[in-house]
Amino acid sequence: QNEKVALFIIFGGSGDLARRKLYPSLFRLYQKGYLKDHFAVVGTARRPWTNEYYHNIIKESLADLKPDDAQATAFADHFYYQSHDVTNTEHYVVLRDLAAKLDQKYQLNGNRIYYMAMSPRFFGVIVGHLKSEQILTDAGFNRLIIEKPFGHDFQSAKELNSEIRTSFSEDQIYRIDHYLGKEMVQNISAIRFGNNIIESLWNNRYIDNIQITLSESLGVEERAGYYETAGAMRDMVQNHISQIATLLAMEPPVSFSAEDIRNEKIKVLRSLHIDTIEEAKRNFVRGQYGAATIDGQQLDNYRDADQVATDSNTETFVAGKMEFENFRWSGVPFFVRTGKRLAQKATRVDIVFKQVPQNIFKAASDNDELAPNVLTIYIEPTEGFGLRANAKQIGQGYATRPVDLDFRHSARATANSPEAYERLLLDALNGDSTNFTHWDELAQTWRFADVIEQAWAQEPAADFPNYVSGSMGPKAADELLARDGAKWVFDP
Ligand code: BG6
């Protein structure tokens, strides 16, 4: 009875995202019985592929899952390819007929999911045609899943949103932020709202600062063409980091429903401090990676990568301070950082608590200060959480030392946990938009990001490249915290 019924129309069916994420995720839903007999997928792209060729592409994309051959073939049989020029109205007529035929063949009740997995400059034109050429159905559901980037700044995001809203209502729009599909990002709410000892301390009386780190060890690889137009601010901070900060900062929702959560997210984002240009220059640090040799491997400068300008100003690193101006958070900085070619791939949140009012063990210790309590939420690559507490050192006297209470999911449990895209696709099939981004959230995070972009646009980054590959970014990222008497907890 868990079987979902829908036709997927994927724009960008030959692309990297479809092959790396969407097809394997759909297959896992198929293996688990969520997709069975009553689904079909139309992949569209410019290339003139045959269905047969497309089926091979689908099967190739499943290789990592080591599927049973017969099962992979049966799955691929639900896929149809249509060569499609998104600006050509006649192609939508062909698409409408194909969709109607498949609807009948697989008894899909008019349920449709439209997936935008291609260059965002075509989102508007596609969505317009879906309506004008009557591909949207009256019978079942019509849901639009949109990949990032959703706009380039507030203005373009707003224009894109208005275009989309002419064909879809807000509750039909599923703006993907794949971090919201990650197991441990979803666990933030469970840790906060399921534990009184945590939620009761979750405010500016007990928390000194919060640190969000999304560090990556890889460089831009083949995506420099896109990355040059985005940079780390638009690629990671405006979306993934802002979403994590929002989940950490929001008030407890009345219930765990999409609507109640969304209301709290929007509310707390309204209290997000939008910097002035001068504040942005102080509160945000940018970086760009430079060459290094690591384990005998020669890593080059970002500026030497293919499709990157030799004097590129694009930031591959950002560190900064976000602030929520409300009763709960006033005075607590949320320090965030992300970057390419850093020391490790690691996504984590460190919540640093205030010190006890007085250190009565001072006389017995070498240190004047006790170590602060830190609650760490490990998002990737390991999943779990840890609490750093102070305890007495064994032996005479009263010296203290920090001890770690650590919980990690076993590798086995995490290997079976649904991949972010799989989870989000199933949510969309169920009509559950809890883990998607509402327009009001996006609008506010763009307003926030825009000022920082404007501040940076005023002066080129004279010191780029300013961090070596394999480090944790430029020195200025440490100085940023030092100014507030803090330091990065995660320092590999
Ligand atoms: C994407 C960014 O949204 O997230 C990429 O565009 C980044 O630049 C990626 O590498 C990181 O995602 P994950 O799931 O590998 O942490």
# chains A, B, ... in the order shown; residues from 1 in each chain; ligands from 1

call {"tool": "closest_atom_pairs", "arguments": {"of": "chain A", "to": "ligand 1", "cutoff": "10 Å", "atoms": "only C-alpha atoms and all ligand atoms", "output": "tab-separated table"}}
result
residue	atom	partner	partner_atom_place_in_ligand_line	distance
A:Glu147	CA	ligand 1	3 (O)	9.2
A:Lys148	CA	ligand 1	3 (O)	7.4
A:Pro149	CA	ligand 1	6 (O)	8.3
A:Ile176	CA	ligand 1	3 (O)	9.7
A:Asp177	CA	ligand 1	3 (O)	7.5
A:His178	CA	ligand 1	14 (O)	7.0
A:Tyr179	CA	ligand 1	14 (O)	6.5
A:Gly181	CA	ligand 1	14 (O)	9.4
A:Lys182	CA	ligand 1	14 (O)	8.0
A:Leu214	CA	ligand 1	16 (O)	7.3
A:Ser215	CA	ligand 1	16 (O)	8.3
A:Glu216	CA	ligand 1	10 (O)	7.0
A:Ser217	CA	ligand 1	10 (O)	9.3
A:Leu218	CA	ligand 1	10 (O)	7.8
A:Gly219	CA	ligand 1	10 (O)	8.6
A:Val220	CA	ligand 1	8 (O)	7.1
A:Glu221	CA	ligand 1	8 (O)	9.5
A:Arg223	CA	ligand 1	8 (O)	8.1
A:Ala224	CA	ligand 1	8 (O)	9.7
A:Tyr226	CA	ligand 1	6 (O)	9.0
A:Tyr227	CA	ligand 1	8 (O)	7.6
A:Ala230	CA	ligand 1	6 (O)	9.1
A:Gly231	CA	ligand 1	8 (O)	8.8
A:Ala232	CA	ligand 1	8 (O)	7.6
A:Arg234	CA	ligand 1	6 (O)	8.8
A:Asp235	CA	ligand 1	6 (O)	5.2
A:Met236	CA	ligand 1	2 (C)	6.2
A:Val237	CA	ligand 1	3 (O)	9.8
A:Asn239	CA	ligand 1	3 (O)	8.2
A:His240	CA	ligand 1	3 (O)	7.3
A:Thr316	CA	ligand 1	8 (O)	9.5
A:Thr338	CA	ligand 1	7 (C)	9.8
A:Gly339	CA	ligand 1	8 (O)	9.0
A:Lys340	CA	ligand 1	10 (O)	7.8
A:Lys345	CA	ligand 1	16 (O)	8.0
A:Ala346	CA	ligand 1	16 (O)	8.1
A:Thr347	CA	ligand 1	16 (O)	7.1
A:Ile379	CA	ligand 1	16 (O)	9.2
A:Glu380	CA	ligand 1	16 (O)	7.6
A:Pro381	CA	ligand 1	16 (O)	8.9
A:Glu419	CA	ligand 1	14 (O)	9.5
A:Ala420	CA	ligand 1	14 (O)	7.9
A:Tyr421	CA	ligand 1	14 (O)	9.6

call {"tool": "write_last_selection", "arguments": {"atoms": "N, CA and C atoms", "output": "short mmCIF file (atom, residue, chain, number, x, y, z; two decimals), in the first residue's frame"}}
result
data_model
loop_
_atom_site.label_atom_id
_atom_site.label_comp_id
_atom_site.auth_asym_id
_atom_site.auth_seq_id
_atom_site.Cartn_x
_atom_site.Cartn_y
_atom_site.Cartn_z
N GLU A 147 15.77 22.77 -8.61
CA GLU A 147 17.13 22.69 -8.08
C GLU A 147 17.68 24.10 -7.85
N LYS A 148 18.72 24.18 -7.08
CA LYS A 148 19.40 25.45 -6.96
C LYS A 148 20.36 25.62 -8.14
N PRO A 149 20.88 26.75 -8.50
CA PRO A 149 20.64 27.99 -7.78
C PRO A 149 19.28 28.58 -8.14
N ILE A 176 14.43 22.54 -3.79
CA ILE A 176 15.32 21.57 -3.14
C ILE A 176 16.52 22.25 -2.51
N ASP A 177 16.79 21.88 -1.27
CA ASP A 177 18.09 22.13 -0.67
C ASP A 177 18.50 20.77 -0.13
N HIS A 178 19.42 20.11 -0.80
CA HIS A 178 19.60 18.68 -0.47
C HIS A 178 20.15 18.48 0.94
N TYR A 179 20.69 19.56 1.56
CA TYR A 179 21.13 19.41 2.94
C TYR A 179 19.95 19.11 3.88
N GLY A 181 17.74 17.12 3.32
CA GLY A 181 17.43 15.69 3.23
C GLY A 181 18.44 14.83 3.97
N LYS A 182 19.46 15.45 4.53
CA LYS A 182 20.50 14.66 5.22
C LYS A 182 20.01 14.22 6.59
N LEU A 214 31.05 23.65 6.95
CA LEU A 214 30.83 22.75 5.80
C LEU A 214 32.13 22.76 5.00
N SER A 215 33.06 21.92 5.38
CA SER A 215 34.34 21.98 4.67
C SER A 215 34.44 20.84 3.68
N GLU A 216 35.07 21.14 2.56
CA GLU A 216 35.22 20.13 1.50
C GLU A 216 36.70 20.01 1.17
N SER A 217 37.12 18.80 0.86
CA SER A 217 38.53 18.64 0.49
C SER A 217 38.74 18.76 -1.02
N LEU A 218 37.69 18.51 -1.78
CA LEU A 218 37.84 18.62 -3.24
C LEU A 218 37.88 20.08 -3.68
N GLY A 219 38.44 20.31 -4.88
CA GLY A 219 38.41 21.64 -5.47
C GLY A 219 37.14 21.79 -6.29
N VAL A 220 37.12 22.69 -7.25
CA VAL A 220 35.89 22.86 -8.03
C VAL A 220 35.70 21.77 -9.08
N GLU A 221 36.73 21.00 -9.33
CA GLU A 221 36.67 19.90 -10.30
C GLU A 221 36.12 20.38 -11.64
N ARG A 223 33.26 21.74 -12.35
CA ARG A 223 32.13 22.67 -12.31
C ARG A 223 32.54 24.14 -12.31
N ALA A 224 33.76 24.41 -12.75
CA ALA A 224 34.26 25.78 -12.66
C ALA A 224 33.40 26.77 -13.43
N TYR A 226 30.19 26.95 -13.81
CA TYR A 226 29.12 27.42 -12.93
C TYR A 226 29.71 28.16 -11.73
N TYR A 227 30.74 27.59 -11.14
CA TYR A 227 31.26 28.11 -9.88
C TYR A 227 31.78 29.54 -10.01
N ALA A 230 29.18 31.83 -9.28
CA ALA A 230 28.52 31.69 -7.98
C ALA A 230 29.47 32.05 -6.85
N GLY A 231 30.51 31.23 -6.66
CA GLY A 231 31.38 31.41 -5.50
C GLY A 231 30.75 30.75 -4.29
N ALA A 232 31.54 30.61 -3.23
CA ALA A 232 31.10 29.86 -2.06
C ALA A 232 29.89 30.49 -1.38
N ARG A 234 27.24 32.09 -2.73
CA ARG A 234 25.98 31.68 -3.37
C ARG A 234 25.84 30.16 -3.41
N ASP A 235 26.97 29.47 -3.49
CA ASP A 235 26.92 28.02 -3.64
C ASP A 235 26.55 27.32 -2.33
N MET A 236 26.99 27.84 -1.21
CA MET A 236 26.81 27.12 0.06
C MET A 236 26.17 27.95 1.18
N VAL A 237 26.53 29.24 1.26
CA VAL A 237 26.09 30.02 2.43
C VAL A 237 24.63 30.45 2.31
N ASN A 239 22.26 29.15 0.87
CA ASN A 239 21.30 28.05 0.96
C ASN A 239 21.61 27.10 2.11
N HIS A 240 22.57 26.18 1.92
CA HIS A 240 22.78 25.11 2.90
C HIS A 240 23.08 25.65 4.31
N THR A 316 36.45 30.82 -2.97
CA THR A 316 36.23 29.38 -2.77
C THR A 316 36.11 29.09 -1.28
N THR A 338 32.73 27.76 5.12
CA THR A 338 32.70 26.70 4.11
C THR A 338 33.81 26.97 3.12
N GLY A 339 34.31 25.93 2.50
CA GLY A 339 35.33 26.17 1.50
C GLY A 339 35.69 24.90 0.76
N LYS A 340 36.28 25.10 -0.39
CA LYS A 340 36.80 23.99 -1.19
C LYS A 340 38.28 23.82 -0.83
N LYS A 345 36.89 16.70 4.33
CA LYS A 345 35.45 16.80 4.07
C LYS A 345 34.76 16.61 5.41
N ALA A 346 34.13 17.63 5.91
CA ALA A 346 33.46 17.51 7.20
C ALA A 346 32.32 18.51 7.30
N THR A 347 31.16 18.02 7.70
CA THR A 347 30.04 18.90 7.95
C THR A 347 29.66 18.72 9.40
N ILE A 379 27.50 15.81 11.10
CA ILE A 379 26.55 15.57 10.01
C ILE A 379 27.17 14.64 8.95
N GLU A 380 28.41 14.91 8.61
CA GLU A 380 29.12 14.06 7.65
C GLU A 380 30.62 14.24 7.82
N PRO A 381 31.44 13.24 7.54
CA PRO A 381 31.09 11.90 7.07
C PRO A 381 30.58 10.98 8.18
N GLU A 419 19.64 8.07 1.17
CA GLU A 419 20.42 9.19 0.67
C GLU A 419 19.51 10.42 0.59
N ALA A 420 20.10 11.62 0.72
CA ALA A 420 19.29 12.85 0.79
C ALA A 420 18.27 12.95 -0.35
N TYR A 421 18.70 12.69 -1.56
CA TYR A 421 17.79 12.85 -2.69
C TYR A 421 16.65 11.84 -2.68
#

call {"tool": "select_by_dssp", "arguments": {"residues": "region 80-238 of chain A", "states": "alpha helix (DSSP H)", "output": "PyMOL selection string"}}
result
chain A and resi 89-106+123-132+154-165+183-193+196-199+224-232

call {"tool": "residues_around", "arguments": {"residues": "region 255-264 of chain A", "least_positions_apart": "2", "cutoff": "9 Å", "atoms": "only C-alpha atoms", "output": "PyMOL selection string"}}
result
chain A and resi 246+250-253+266-269+432-435+437-438+441

call {"tool": "closest_residue", "arguments": {"among": "A:Glu453, A:Leu35, A:Arg46, A:Glu199", "to": "Ala74 (chain A)", "atoms": "only C-alpha atoms"}}
result
A:Leu35

call {"tool": "residues_around", "arguments": {"residues": "Thr310 (chain A)", "least_positions_apart": "5", "cutoff": "12 Å", "atoms": "only C-alpha atoms", "output": "mmCIF file with N, CA, C and O atoms, in the first residue's frame"}}
result
data_model
loop_
_atom_site.group_PDB
_atom_site.id
_atom_site.type_symbol
_atom_site.label_atom_id
_atom_site.label_comp_id
_atom_site.auth_asym_id
_atom_site.auth_seq_id
_atom_site.Cartn_x
_atom_site.Cartn_y
_atom_site.Cartn_z
ATOM 1 N N GLU A 228 32.367 29.836 -11.171
ATOM 2 C CA GLU A 228 32.869 31.190 -11.413
ATOM 3 C C GLU A 228 31.751 32.225 -11.280
ATOM 4 O O GLU A 228 31.990 33.370 -10.905
ATOM 5 N N ASN A 301 46.468 26.044 -8.263
ATOM 6 C CA ASN A 301 45.661 27.188 -7.843
ATOM 7 C C ASN A 301 44.266 27.101 -8.438
ATOM 8 O O ASN A 301 44.095 26.616 -9.559
ATOM 9 N N TYR A 302 43.287 27.650 -7.717
ATOM 10 C CA TYR A 302 41.952 27.773 -8.316
ATOM 11 C C TYR A 302 42.054 28.531 -9.643
ATOM 12 O O TYR A 302 41.453 28.149 -10.641
ATOM 13 N N ARG A 303 42.843 29.582 -9.647
ATOM 14 C CA ARG A 303 42.945 30.414 -10.847
ATOM 15 C C ARG A 303 43.552 29.694 -12.050
ATOM 16 O O ARG A 303 43.450 30.165 -13.177
ATOM 17 N N ASP A 304 44.181 28.544 -11.807
ATOM 18 C CA ASP A 304 44.763 27.794 -12.929
ATOM 19 C C ASP A 304 43.811 26.719 -13.451
ATOM 20 O O ASP A 304 44.127 26.006 -14.401
ATOM 21 N N ALA A 305 42.653 26.583 -12.832
ATOM 22 C CA ALA A 305 41.705 25.550 -13.280
ATOM 23 C C ALA A 305 41.080 25.952 -14.617
ATOM 24 O O ALA A 305 40.996 27.140 -14.948
ATOM 25 N N PHE A 464 44.238 37.321 -3.167
ATOM 26 C CA PHE A 464 43.955 35.965 -3.662
ATOM 27 C C PHE A 464 45.136 35.439 -4.471
ATOM 28 O O PHE A 464 45.723 36.215 -5.212
ATOM 29 N N PRO A 465 45.477 34.161 -4.422
ATOM 30 C CA PRO A 465 44.986 33.153 -3.484
ATOM 31 C C PRO A 465 45.531 33.401 -2.076
ATOM 32 O O PRO A 465 46.691 33.750 -1.936
#

call {"tool": "residues_around", "arguments": {"residues": "Asn2 (chain A)", "least_positions_apart": "5", "cutoff": "10 Å", "atoms": "only C-alpha atoms", "output": "MDAnalysis selection string"}}
result
chainID A and resid 32:36

call {"tool": "write_last_selection", "arguments": {"atoms": "N, CA and C atoms", "output": "PDB file, in the first residue's frame"}}
result
ATOM      1  N   LYS A  32      12.664  -0.530  -2.785  1.00  0.00           N
ATOM      2  CA  LYS A  32      11.922  -0.596  -1.528  1.00  0.00           C
ATOM      3  C   LYS A  32      10.414  -0.694  -1.737  1.00  0.00           C
ATOM      4  N   GLY A  33       9.989  -0.695  -2.990  1.00  0.00           N
ATOM      5  CA  GLY A  33       8.564  -0.879  -3.276  1.00  0.00           C
ATOM      6  C   GLY A  33       7.739   0.398  -3.290  1.00  0.00           C
ATOM      7  N   TYR A  34       8.390   1.565  -3.072  1.00  0.00           N
ATOM      8  CA  TYR A  34       7.625   2.817  -3.158  1.00  0.00           C
ATOM      9  C   TYR A  34       7.240   3.086  -4.614  1.00  0.00           C
ATOM     10  N   LEU A  35       8.136   2.737  -5.504  1.00  0.00           N
ATOM     11  CA  LEU A  35       7.811   2.805  -6.925  1.00  0.00           C
ATOM     12  C   LEU A  35       7.726   1.360  -7.409  1.00  0.00           C
ATOM     13  N   LYS A  36       6.648   1.072  -8.155  1.00  0.00           N
ATOM     14  CA  LYS A  36       6.464  -0.320  -8.551  1.00  0.00           C
ATOM     15  C   LYS A  36       5.971  -0.361  -9.990  1.00  0.00           C
TER      16      LYS A  36
END

call {"tool": "closest_residue", "arguments": {"among": "A:Glu479, A:Asp208, A:Asp171, A:Glu90", "to": "Pro333 (chain A)", "atoms": "only C-alpha atoms"}}
result
A:Asp208

call {"tool": "residues_around", "arguments": {"residues": "Phe324 (chain A)", "least_positions_apart": "6", "cutoff": "12 Å", "atoms": "only C-alpha atoms", "output": "ChimeraX atom specification"}}
result
/A:203-204,209-210,242,245-246,248-251,265,267-275,330-335,448

call {"tool": "residues_around", "arguments": {"residues": "Glu422 (chain A)", "least_positions_apart": "6", "cutoff": "7 Å", "atoms": "only C-alpha atoms", "output": "list in words"}}
result
Ser25, Leu26 and Leu29 of chain A

call {"tool": "write_last_selection", "arguments": {"atoms": "N, CA and C atoms", "output": "PDB file, in the first residue's frame"}}
result
ATOM      1  N   SER A  25      18.527   7.372  -6.900  1.00  0.00           N
ATOM      2  CA  SER A  25      17.545   7.545  -5.821  1.00  0.00           C
ATOM      3  C   SER A  25      16.200   6.940  -6.207  1.00  0.00           C
ATOM      4  N   LEU A  26      15.797   7.150  -7.455  1.00  0.00           N
ATOM      5  CA  LEU A  26      14.534   6.551  -7.906  1.00  0.00           C
ATOM      6  C   LEU A  26      14.634   5.027  -7.841  1.00  0.00           C
ATOM      7  N   LEU A  29      14.093   3.785  -4.398  1.00  0.00           N
ATOM      8  CA  LEU A  29      12.659   3.809  -4.061  1.00  0.00           C
ATOM      9  C   LEU A  29      11.943   2.618  -4.716  1.00  0.00           C
TER      10      LEU A  29
END

call {"tool": "closest_residue", "arguments": {"among": "A:Gly15, A:Pro67, A:Pro357, A:Pro402", "to": "Pro372 (chain A)", "atoms": "only C-alpha atoms"}}
result
A:Pro402

call {"tool": "atom_distance", "arguments": {"atom1": "CA of Ala391 (chain A)", "atom2": "CA of Val403 (chain A)"}}
result
6.5 Å

call {"tool": "closest_residue", "arguments": {"among": "A:Asn313, A:Asn466, A:Asn56, A:Gln71", "to": "Tyr289 (chain A)", "atoms": "only C-alpha atoms"}}
result
A:Asn466

call {"tool": "closest_residue", "arguments": {"among": "A:Ala364, A:Gln104, A:Gly140, A:Gly320", "to": "Gly395 (chain A)", "atoms": "only C-alpha atoms"}}
result
A:Ala364

call {"tool": "decode", "arguments": {"residues": "region 334-361 of chain A", "atoms": "N, CA, C and O atoms", "output": "PDB file, in the first residue's frame"}}
result
ATOM      1  N   PHE A 334      26.579  33.336  15.378  1.00  0.00           N
ATOM      2  CA  PHE A 334      26.609  32.067  14.645  1.00  0.00           C
ATOM      3  C   PHE A 334      27.772  32.200  13.648  1.00  0.00           C
ATOM      4  O   PHE A 334      27.655  32.910  12.659  1.00  0.00           O
ATOM      5  N   PHE A 335      28.882  31.554  13.966  1.00  0.00           N
ATOM      6  CA  PHE A 335      30.023  31.612  13.056  1.00  0.00           C
ATOM      7  C   PHE A 335      29.873  30.514  12.010  1.00  0.00           C
ATOM      8  O   PHE A 335      29.632  29.355  12.364  1.00  0.00           O
ATOM      9  N   VAL A 336      30.007  30.884  10.760  1.00  0.00           N
ATOM     10  CA  VAL A 336      29.819  29.880   9.709  1.00  0.00           C
ATOM     11  C   VAL A 336      31.050  29.880   8.807  1.00  0.00           C
ATOM     12  O   VAL A 336      31.732  30.902   8.665  1.00  0.00           O
ATOM     13  N   ARG A 337      31.366  28.741   8.249  1.00  0.00           N
ATOM     14  CA  ARG A 337      32.458  28.731   7.259  1.00  0.00           C
ATOM     15  C   ARG A 337      32.265  27.549   6.313  1.00  0.00           C
ATOM     16  O   ARG A 337      31.711  26.506   6.668  1.00  0.00           O
ATOM     17  N   THR A 338      32.732  27.756   5.116  1.00  0.00           N
ATOM     18  CA  THR A 338      32.701  26.702   4.113  1.00  0.00           C
ATOM     19  C   THR A 338      33.806  26.972   3.120  1.00  0.00           C
ATOM     20  O   THR A 338      34.203  28.129   2.920  1.00  0.00           O
ATOM     21  N   GLY A 339      34.307  25.928   2.497  1.00  0.00           N
ATOM     22  CA  GLY A 339      35.332  26.165   1.503  1.00  0.00           C
ATOM     23  C   GLY A 339      35.690  24.898   0.763  1.00  0.00           C
ATOM     24  O   GLY A 339      35.426  23.788   1.223  1.00  0.00           O
ATOM     25  N   LYS A 340      36.277  25.095  -0.389  1.00  0.00           N
ATOM     26  CA  LYS A 340      36.804  23.985  -1.185  1.00  0.00           C
ATOM     27  C   LYS A 340      38.281  23.818  -0.831  1.00  0.00           C
ATOM     28  O   LYS A 340      38.935  24.763  -0.398  1.00  0.00           O
ATOM     29  N   ARG A 341      38.778  22.613  -1.105  1.00  0.00           N
ATOM     30  CA  ARG A 341      40.194  22.294  -0.866  1.00  0.00           C
ATOM     31  C   ARG A 341      40.647  22.595   0.567  1.00  0.00           C
ATOM     32  O   ARG A 341      41.752  23.092   0.786  1.00  0.00           O
ATOM     33  N   LEU A 342      39.792  22.285   1.503  1.00  0.00           N
ATOM     34  CA  LEU A 342      40.193  22.432   2.900  1.00  0.00           C
ATOM     35  C   LEU A 342      40.764  21.101   3.391  1.00  0.00           C
ATOM     36  O   LEU A 342      40.831  20.122   2.648  1.00  0.00           O
ATOM     37  N   ALA A 343      41.149  21.075   4.649  1.00  0.00           N
ATOM     38  CA  ALA A 343      41.867  19.920   5.179  1.00  0.00           C
ATOM     39  C   ALA A 343      41.064  18.625   5.102  1.00  0.00           C
ATOM     40  O   ALA A 343      41.631  17.552   4.922  1.00  0.00           O
ATOM     41  N   GLN A 344      39.747  18.721   5.254  1.00  0.00           N
ATOM     42  CA  GLN A 344      38.921  17.507   5.322  1.00  0.00           C
ATOM     43  C   GLN A 344      37.540  17.781   4.784  1.00  0.00           C
ATOM     44  O   GLN A 344      37.065  18.905   4.841  1.00  0.00           O
ATOM     45  N   LYS A 345      36.886  16.702   4.333  1.00  0.00           N
ATOM     46  CA  LYS A 345      35.448  16.804   4.070  1.00  0.00           C
ATOM     47  C   LYS A 345      34.755  16.612   5.413  1.00  0.00           C
ATOM     48  O   LYS A 345      34.852  15.541   6.023  1.00  0.00           O
ATOM     49  N   ALA A 346      34.126  17.633   5.913  1.00  0.00           N
ATOM     50  CA  ALA A 346      33.461  17.506   7.204  1.00  0.00           C
ATOM     51  C   ALA A 346      32.322  18.513   7.297  1.00  0.00           C
ATOM     52  O   ALA A 346      32.487  19.685   6.975  1.00  0.00           O
ATOM     53  N   THR A 347      31.163  18.020   7.701  1.00  0.00           N
ATOM     54  CA  THR A 347      30.039  18.902   7.947  1.00  0.00           C
ATOM     55  C   THR A 347      29.658  18.719   9.401  1.00  0.00           C
ATOM     56  O   THR A 347      29.379  17.600   9.830  1.00  0.00           O
ATOM     57  N   ARG A 348      29.698  19.797  10.164  1.00  0.00           N
ATOM     58  CA  ARG A 348      29.392  19.663  11.585  1.00  0.00           C
ATOM     59  C   ARG A 348      28.952  20.991  12.191  1.00  0.00           C
ATOM     60  O   ARG A 348      29.214  22.067  11.650  1.00  0.00           O
ATOM     61  N   VAL A 349      28.281  20.868  13.328  1.00  0.00           N
ATOM     62  CA  VAL A 349      27.853  22.046  14.074  1.00  0.00           C
ATOM     63  C   VAL A 349      28.440  21.916  15.464  1.00  0.00           C
ATOM     64  O   VAL A 349      28.338  20.853  16.092  1.00  0.00           O
ATOM     65  N   ASP A 350      29.082  22.959  15.955  1.00  0.00           N
ATOM     66  CA  ASP A 350      29.601  22.961  17.322  1.00  0.00           C
ATOM     67  C   ASP A 350      28.885  24.045  18.112  1.00  0.00           C
ATOM     68  O   ASP A 350      28.927  25.221  17.738  1.00  0.00           O
ATOM     69  N   ILE A 351      28.243  23.628  19.178  1.00  0.00           N
ATOM     70  CA  ILE A 351      27.551  24.599  20.032  1.00  0.00           C
ATOM     71  C   ILE A 351      28.421  24.794  21.274  1.00  0.00           C
ATOM     72  O   ILE A 351      28.641  23.852  22.041  1.00  0.00           O
ATOM     73  N   VAL A 352      28.938  25.997  21.424  1.00  0.00           N
ATOM     74  CA  VAL A 352      29.877  26.272  22.510  1.00  0.00           C
ATOM     75  C   VAL A 352      29.129  26.963  23.649  1.00  0.00           C
ATOM     76  O   VAL A 352      28.556  28.039  23.460  1.00  0.00           O
ATOM     77  N   PHE A 353      29.137  26.325  24.816  1.00  0.00           N
ATOM     78  CA  PHE A 353      28.394  26.875  25.958  1.00  0.00           C
ATOM     79  C   PHE A 353      29.263  27.854  26.747  1.00  0.00           C
ATOM     80  O   PHE A 353      30.490  27.839  26.662  1.00  0.00           O
ATOM     81  N   LYS A 354      28.582  28.678  27.509  1.00  0.00           N
ATOM     82  CA  LYS A 354      29.309  29.634  28.349  1.00  0.00           C
ATOM     83  C   LYS A 354      29.984  28.901  29.496  1.00  0.00           C
ATOM     84  O   LYS A 354      29.567  27.813  29.887  1.00  0.00           O
ATOM     85  N   GLN A 355      30.968  29.560  30.034  1.00  0.00           N
ATOM     86  CA  GLN A 355      31.680  28.996  31.188  1.00  0.00           C
ATOM     87  C   GLN A 355      30.802  29.010  32.436  1.00  0.00           C
ATOM     88  O   GLN A 355      29.874  29.806  32.533  1.00  0.00           O
ATOM     89  N   VAL A 356      31.143  28.154  33.393  1.00  0.00           N
ATOM     90  CA  VAL A 356      30.498  28.265  34.706  1.00  0.00           C
ATOM     91  C   VAL A 356      30.880  29.640  35.270  1.00  0.00           C
ATOM     92  O   VAL A 356      31.900  30.204  34.882  1.00  0.00           O
ATOM     93  N   PRO A 357      30.071  30.182  36.187  1.00  0.00           N
ATOM     94  CA  PRO A 357      30.336  31.555  36.642  1.00  0.00           C
ATOM     95  C   PRO A 357      31.735  31.719  37.246  1.00  0.00           C
ATOM     96  O   PRO A 357      32.353  32.772  37.159  1.00  0.00           O
ATOM     97  N   GLN A 358      32.232  30.683  37.861  1.00  0.00           N
ATOM     98  CA  GLN A 358      33.552  30.816  38.477  1.00  0.00           C
ATOM     99  C   GLN A 358      34.280  29.480  38.442  1.00  0.00           C
ATOM    100  O   GLN A 358      33.672  28.439  38.689  1.00  0.00           O
ATOM    101  N   ASN A 359      35.579  29.525  38.169  1.00  0.00           N
ATOM    102  CA  ASN A 359      36.356  28.277  38.128  1.00  0.00           C
ATOM    103  C   ASN A 359      36.993  28.045  39.498  1.00  0.00           C
ATOM    104  O   ASN A 359      38.034  28.609  39.818  1.00  0.00           O
ATOM    105  N   ILE A 360      36.363  27.175  40.272  1.00  0.00           N
ATOM    106  CA  ILE A 360      36.884  26.967  41.636  1.00  0.00           C
ATOM    107  C   ILE A 360      38.041  25.972  41.659  1.00  0.00           C
ATOM    108  O   ILE A 360      38.611  25.687  42.701  1.00  0.00           O
ATOM    109  N   PHE A 361      38.399  25.424  40.495  1.00  0.00           N
ATOM    110  CA  PHE A 361      39.492  24.449  40.449  1.00  0.00           C
ATOM    111  C   PHE A 361      40.810  25.089  40.010  1.00  0.00           C
ATOM    112  O   PHE A 361      41.788  24.412  39.759  1.00  0.00           O
TER     113      PHE A 361
END
